[in-house]
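Reviewing the structure listed below.
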Amino acid sequence: MEDILLREFRTLVDVDGFESRYSKEIGNGKYFGFPLEPIVRAEKRLRDAKEQSIAYFSMEYGLATSFYNTFQSQNVTQLENKTPRNTVFSNYRVADYLFDVKVDSLIDMPIYSGGLGVLAGDTIKTMADFKLPALGIGILWHCGYFRQEFWFKYGQVPEKMHWDPYSYPGLIPLKNTVTIKLRDEEVRLKLWKYYVYSYKRDYAIPLILLDAETPDNREDIKMLTDQLYRSDNSWIKLMQRVLLGFGGVSAVNNLGYPIKIFHLNEGHAIFAFVEKARGLADKQVEELKKHFCYTCHTPVQAGHDRFSQDDIKRVLQENDFNLINKYGREDSGSINLTLLSMNIASSINAVSKRHQEVMQLQFPAYKDRIGYVTNGVHPYTWISKDYLELFKKFTPPIDDIESNPLSLVKVLGLKENNDFRRQIWLAHNANKKGLCSLLGKWKLKEDIFTVCWARRIAAYKRPSLILYDVDTLIEIARKVGPLQIILAGKAHPNDNLGFTFINEMMDKVDKLGDKNYDMLKIVILENYDIYLGRILTSGVDLWLNNPYPPFEASGTSGMKAILNGVVQMTTSDGWVVEAENNGIGKIFGYRYSEGKIGNEFDRSMKDDAQELYKGLEELAAQYYSTFKNNLSSKWIDMMINCVATGAHFNTYRMLDEYKNLIWDSCLEKERALKV
Ligand SMILES: *Cc1c(COP(=O)(O)O)cnc(C)c1O
């Protein structure tokens, strides 16, 4: 029988090695077990010049493919594409020596490092849910970010990770290649595609991944797409950004997509503009700006990429350099990619209200042009199965939860409903059971108050705050009940300061020992990733977030937690500023005062640790009271407030704002100009 759909797919998408590798996976109406038709429809729409298509650029994508919309494959999963074993560092050292944590699952596609990547992944998924004519542009990182290993008495050892893109379900190499032009040489990039399906599998967004590992390239060029965010030297750093921007624009041209809007995440992607502007007259360059939108994700000064003029001159053609120098030069003479991005974009946005304030202070000349769209998380990736079932049981008032997460706000109407109160507690305990059984060898128990801090290790996030005075933790445990504390996070391999925090935490946990293990269990998990992130953000009782204000741009892990009724203990920073009056837990610590950015290395450790311990004691008491006087406890009220707050801090609300406030108005400006 003739497979018309397949024939259509193959005229639209030229798969490299289709017959030898993918003919069993694609065909008979299926794409790795998912319906093929949505891909064909999306590919056709993206080629239609009448559509207002969007190209979304990001260095990294965390798609959570290990547990969300996981593709099926006819082949057995290669060992290198499975989640490796991870060790644990705890104050129960015997267990650390004897056991490790093993999950039998596909690895999540390792082309992300953390929050930015998860946000990009969640955004693309929501674009699919909204059926937008959009695509993603990123890079195929052959060695991922890095694998974290713990060495006793040493700390974090970063290892390269290895995976096999050719056998990764849903990922396909294309025959298409693009060539980008530099000052003295050309670089060839191979293109890959991955399709991100909507929750209902009725639409798909192509994610195009660029790959420098082709036979035509020199060895040092091939290496550019091995590890994400390498910063060994400024050439590598610059080239990774050049590949994303130049390569991304060349790729959409090569694939025949008439893109209207280029959405750049961070200054990382700014070379997309340079590629588009090449050879244009000044007036046309002005016109081009109308097609570019820019989202800044960092409030830390060091987070804004800077290069010397020489760095750029050495790599790029003269005209490209001149354009960059014109729009991106700071007073110091350096080229600042944030400045460059702000000067060329028709729309600039921060990722929370607080972040907008901080950006406006840092760049007063741009004050009126800096807006904000607060981040969100993709609800169907991060709401656990038990919670989704719970919400479906209570329809109404929570109508249509699988199409409209904004209806979660209606849980507030269930506060007096004892059946709901009982069931939310049960659903939470089901999630907690999963976490405790994963860490069963460390004797983690479902009825012990469990706190988690898990995120990127960076100074301003104050990873070691909760361990400031371990004796106080034991005192609290004796007074109100035992504590389980879970910590996890990676420090960038070149972040020496970050490295010392991991050392400090291990040292304190080692000294604590297992004498009081029934009272205080502390486990540090190796290799924090999306998979662990999902288990932790749904399985613990309290989500701890203690950045030093105002340095957290948004933060998103707390948003994953609230969707699962996990109570927050947090400083007032990032997204929390917009939610702190919702009764979602305890807000504590140093407060940002208007107009004063301060120094991210001050950190106010002593005072904030004291407040943290005081709050922890209160919260633990409230938690334990739920077992005694059962359902009327304040703890369950907070859990419900958390879920209701999740109605706002998700990507459905976020994408509505991007669409209405940014992309649509970007197109209007463009149309107005043409009239
Ligand atoms: C959500 C997530 C992050 C971002 O968390 P923050 O709260 O922004 O620090 C980082 N890493 C992983 C693996 C995540 O899942």
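Residues in the structure tokens are numbered from 1 in each chain, the chains being A, B, ... in the order shown, and ligands are numbered from 1 in the order shown.
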So that I can check the secondary structure, give me every residue of segment 24-196 of chain A assigned alpha helix (DSSP H) by backbone DSSP, as a count of residues only. 31
Quick one: everything within 9 Å of Glu213 of chain A, counting only C-alpha atoms, minus sequence neighbours fewer than 4 positions away in the same chain. Send it as a ChimeraX atom specification. /A:142,188-190,217,219,221-226
Which residues are near Ser20 of chain A? Cut-off 12 Å, only C-alpha atoms, ignore same chain within fewer than 6 positions. Put them as a list in words.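 Counting only the stated atoms, we get Ile26, Tyr166 and Ser167 of chain A.
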Could you list, as a PyMOL selection string, all the residues within 8 Å of ligand 1, counting only C-alpha atoms and all ligand atoms? chain A and resi 62+113-116+118-119+454-456+489+528-534+545+554-560
Using only N, CA, C and O atoms, please write the residues we just selected to a file, as a short mmCIF file (atom, residue, chain, number, x, y, z; two decimals), in the first residue's frame.
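Listed below is the output, out.cif:
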```
data_model
loop_
_atom_site.label_atom_id
_atom_site.label_comp_id
_atom_site.auth_asym_id
_atom_site.auth_seq_id
_atom_site.Cartn_x
_atom_site.Cartn_y
_atom_site.Cartn_z
N GLY A 62 15.65 21.98 27.62
CA GLY A 62 15.39 20.87 28.53
C GLY A 62 13.98 20.39 28.25
O GLY A 62 13.01 21.03 28.65
N SER A 113 21.42 22.82 30.43
CA SER A 113 22.15 22.82 31.69
C SER A 113 21.22 23.02 32.88
O SER A 113 21.39 22.42 33.92
N GLY A 114 20.22 23.88 32.73
CA GLY A 114 19.36 24.16 33.88
C GLY A 114 18.14 24.97 33.52
O GLY A 114 17.51 24.73 32.48
N GLY A 115 17.86 25.97 34.34
CA GLY A 115 16.61 26.72 34.25
C GLY A 115 16.29 27.30 32.88
O GLY A 115 15.16 27.20 32.41
N LEU A 116 17.28 27.90 32.23
CA LEU A 116 17.04 28.51 30.92
C LEU A 116 16.57 27.46 29.91
O LEU A 116 15.64 27.68 29.13
N VAL A 118 15.16 24.50 30.60
CA VAL A 118 13.84 23.99 30.95
C VAL A 118 12.76 24.98 30.50
O VAL A 118 11.73 24.59 29.94
N LEU A 119 13.04 26.25 30.68
CA LEU A 119 12.08 27.27 30.25
C LEU A 119 11.88 27.22 28.73
O LEU A 119 10.75 27.27 28.24
N ALA A 454 17.29 22.41 45.68
CA ALA A 454 17.93 21.83 44.49
C ALA A 454 17.92 22.85 43.38
O ALA A 454 16.86 23.29 42.94
N ARG A 455 19.08 23.25 42.95
CA ARG A 455 19.21 24.18 41.83
C ARG A 455 20.68 24.32 41.45
O ARG A 455 21.53 23.67 42.03
N ARG A 456 20.93 25.17 40.47
CA ARG A 456 22.30 25.44 40.07
C ARG A 456 23.05 26.01 41.27
O ARG A 456 22.52 26.81 42.03
N GLY A 489 22.62 19.90 43.17
CA GLY A 489 22.93 20.99 42.26
C GLY A 489 24.32 20.85 41.66
O GLY A 489 25.21 20.25 42.25
N TYR A 528 22.09 16.59 39.63
CA TYR A 528 20.74 17.16 39.58
C TYR A 528 20.35 17.39 38.11
O TYR A 528 21.08 18.01 37.35
N ASP A 529 19.22 16.84 37.72
CA ASP A 529 18.75 17.02 36.34
C ASP A 529 17.23 17.07 36.33
O ASP A 529 16.58 17.05 37.39
N ILE A 530 16.65 17.12 35.15
CA ILE A 530 15.21 17.26 35.02
C ILE A 530 14.46 16.09 35.65
O ILE A 530 13.42 16.26 36.26
N TYR A 531 15.01 14.92 35.49
CA TYR A 531 14.35 13.72 36.01
C TYR A 531 14.25 13.79 37.54
O TYR A 531 13.19 13.61 38.12
N LEU A 532 15.39 14.10 38.17
CA LEU A 532 15.37 14.27 39.62
C LEU A 532 14.51 15.45 40.01
O LEU A 532 13.78 15.42 41.00
N GLY A 533 14.60 16.51 39.19
CA GLY A 533 13.83 17.71 39.46
C GLY A 533 12.34 17.41 39.58
O GLY A 533 11.66 17.90 40.47
N ARG A 534 11.85 16.54 38.71
CA ARG A 534 10.43 16.25 38.77
C ARG A 534 10.08 15.48 40.04
O ARG A 534 9.07 15.73 40.69
N ASN A 545 13.93 28.03 48.79
CA ASN A 545 14.48 28.88 47.73
C ASN A 545 15.04 30.11 48.44
O ASN A 545 14.29 30.92 48.95
N SER A 554 14.10 35.09 37.92
CA SER A 554 12.75 34.58 38.13
C SER A 554 12.80 33.36 39.05
O SER A 554 12.33 33.37 40.17
N GLY A 555 13.47 32.30 38.58
CA GLY A 555 13.41 31.02 39.29
C GLY A 555 12.16 30.31 38.80
O GLY A 555 11.12 30.95 38.59
N THR A 556 12.25 29.02 38.57
CA THR A 556 11.07 28.30 38.12
C THR A 556 10.81 27.02 38.91
O THR A 556 9.71 26.48 38.84
N SER A 557 11.80 26.53 39.67
CA SER A 557 11.57 25.24 40.33
C SER A 557 10.43 25.35 41.34
O SER A 557 9.64 24.41 41.50
N GLY A 558 10.31 26.50 42.01
CA GLY A 558 9.20 26.69 42.95
C GLY A 558 7.85 26.59 42.26
O GLY A 558 6.87 26.13 42.84
N MET A 559 7.81 27.02 40.99
CA MET A 559 6.54 26.95 40.24
C MET A 559 6.15 25.49 39.97
O MET A 559 4.98 25.14 39.94
N LYS A 560 7.18 24.65 39.74
CA LYS A 560 6.89 23.22 39.54
C LYS A 560 6.33 22.66 40.84
O LYS A 560 5.39 21.86 40.84
#
```
Report as CSV: every residue of segment 47-115 of chain A with an atom at most 12 Å from segment 375-380 of chain A, its closest pair of atoms, and their distance in Å to one decimal, counting only C-alpha atoms, with rows sorted by chain and ascending residue number.
```
residue,atom,partner,partner_atom,distance
A:Gly62,CA,A:His378,CA,11.6
A:Leu63,CA,A:His378,CA,10.3
A:Ala64,CA,A:His378,CA,10.7
A:Phe67,CA,A:Tyr380,CA,10.7
A:Tyr68,CA,A:Tyr380,CA,8.1
A:Asn69,CA,A:Tyr380,CA,9.8
A:Gly115,CA,A:Val377,CA,10.3
```
Find the residue from A:His162, A:Lys433, A:Lys445, A:Arg147 that sits nearest to Lys490 of chain A; use only C-alpha atoms when measuring.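 Nearest to Lys490 of chain A: A:Arg147.
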Would you mind listing what lies within 10 Å of Ala55 of chain A as number ranges by chain, with only C-alpha atoms counted and same-chain residues fewer than 2 positions away left out? A: 53, 57-58, 133-137, 207-208, 248-249, 252, 257-264, 292
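Nearest residue to Leu465 of chain A among A:Leu612, A:Ile344, A:Asp331, A:Val411 is A:Leu612, counting only C-alpha atoms.
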For Arg591 of chain A, please output as an mmCIF file with C-alpha atoms, in the first residue's frame all residues within 12 Å (counting only C-alpha atoms; exclusion window: fewer than 5 positions along the same chain).
```
data_model
loop_
_atom_site.group_PDB
_atom_site.id
_atom_site.type_symbol
_atom_site.label_atom_id
_atom_site.label_comp_id
_atom_site.auth_asym_id
_atom_site.auth_seq_id
_atom_site.Cartn_x
_atom_site.Cartn_y
_atom_site.Cartn_z
ATOM 1 C CA ARG A 354 11.483 42.398 40.097
ATOM 2 C CA ASN A 546 16.936 31.294 49.285
ATOM 3 C CA PRO A 547 18.578 33.507 46.681
ATOM 4 C CA TYR A 548 20.079 36.747 47.929
ATOM 5 C CA PRO A 549 17.706 39.451 46.607
ATOM 6 C CA PRO A 550 17.553 40.905 43.999
ATOM 7 C CA PHE A 551 19.758 38.508 42.034
ATOM 8 C CA THR A 570 11.598 31.467 50.180
ATOM 9 C CA THR A 571 13.222 34.854 50.152
ATOM 10 C CA SER A 572 11.356 37.619 48.389
ATOM 11 C CA ASP A 573 12.928 37.549 44.951
ATOM 12 C CA GLY A 574 12.189 36.706 41.320
ATOM 13 C CA VAL A 577 7.623 38.869 44.705
ATOM 14 C CA LYS A 596 19.754 49.388 45.759
ATOM 15 C CA ILE A 597 21.187 46.418 43.944
ATOM 16 C CA GLY A 598 23.936 45.675 46.483
ATOM 17 C CA ARG A 603 24.853 37.403 51.115
ATOM 18 C CA SER A 604 23.670 38.188 54.674
ATOM 19 C CA ASP A 607 20.850 36.824 59.783
ATOM 20 C CA ASP A 608 19.084 34.896 57.081
#
```
10 Å contact set for Gln74 of chain A, only C-alpha atoms, chain neighbours under 2 positions out, as a VMD selection string: chain A and resid 22 24 to 25 32 to 33 72 76 to 77 169
Restricting it to N, CA and C atoms, dump the selection as a JSON list (two decimals), in the first residue's frame.
```
[["chain", "number", "residue", "atom", "x", "y", "z"],
["A", 22, "TYR", "N", 15.79, 4.71, 9.85],
["A", 22, "TYR", "CA", 14.53, 5.22, 10.39],
["A", 22, "TYR", "C", 13.27, 4.66, 9.73],
["A", 24, "LYS", "N", 11.81, 1.94, 9.98],
["A", 24, "LYS", "CA", 10.92, 1.22, 10.89],
["A", 24, "LYS", "C", 10.23, 2.16, 11.89],
["A", 25, "GLU", "N", 10.82, 3.33, 12.06],
["A", 25, "GLU", "CA", 10.30, 4.26, 13.08],
["A", 25, "GLU", "C", 9.29, 5.25, 12.49],
["A", 32, "PHE", "N", 7.78, 7.60, 15.30],
["A", 32, "PHE", "CA", 8.20, 7.05, 16.59],
["A", 32, "PHE", "C", 6.99, 6.83, 17.52],
["A", 33, "GLY", "N", 5.94, 6.26, 16.95],
["A", 33, "GLY", "CA", 4.77, 5.94, 17.76],
["A", 33, "GLY", "C", 3.76, 7.07, 17.91],
["A", 72, "GLN", "N", 8.37, 6.37, 21.17],
["A", 72, "GLN", "CA", 8.65, 4.94, 21.20],
["A", 72, "GLN", "C", 9.64, 4.62, 20.09],
["A", 76, "VAL", "N", 16.09, -1.37, 20.87],
["A", 76, "VAL", "CA", 16.34, -1.37, 22.30],
["A", 76, "VAL", "C", 17.16, -0.12, 22.62],
["A", 77, "THR", "N", 16.85, 0.51, 23.74],
["A", 77, "THR", "CA", 17.59, 1.72, 24.10],
["A", 77, "THR", "C", 19.06, 1.39, 24.36],
["A", 169, "PRO", "N", 15.38, 8.28, 20.40],
["A", 169, "PRO", "CA", 14.04, 8.25, 19.80],
["A", 169, "PRO", "C", 13.49, 9.65, 19.49]]
```
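Here the question is which of A:Met638, A:Ala620, A:Ala128, A:Cys143 gets nearest to Lys200 of chain A using only C-alpha atoms, and that residue is A:Ala128.
In this structure, atom CA of Pro206 of chain A sits 9.0 Å away from atom CA of Ile124 of chain A.
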As a check of understanding: the span from atom CA of Phe391 of chain A to atom CA of Asn404 of chain A is 11.8 Å
One residue among A:Ile636, A:Ala647, A:Val480, A:Leu563 is nearest to Glu416 of chain A when using only C-alpha atoms, and that residue is A:Ile636
Which of segment 547-583 of chain A DSSP labels strand (DSSP E), written as a count of residues only: 4
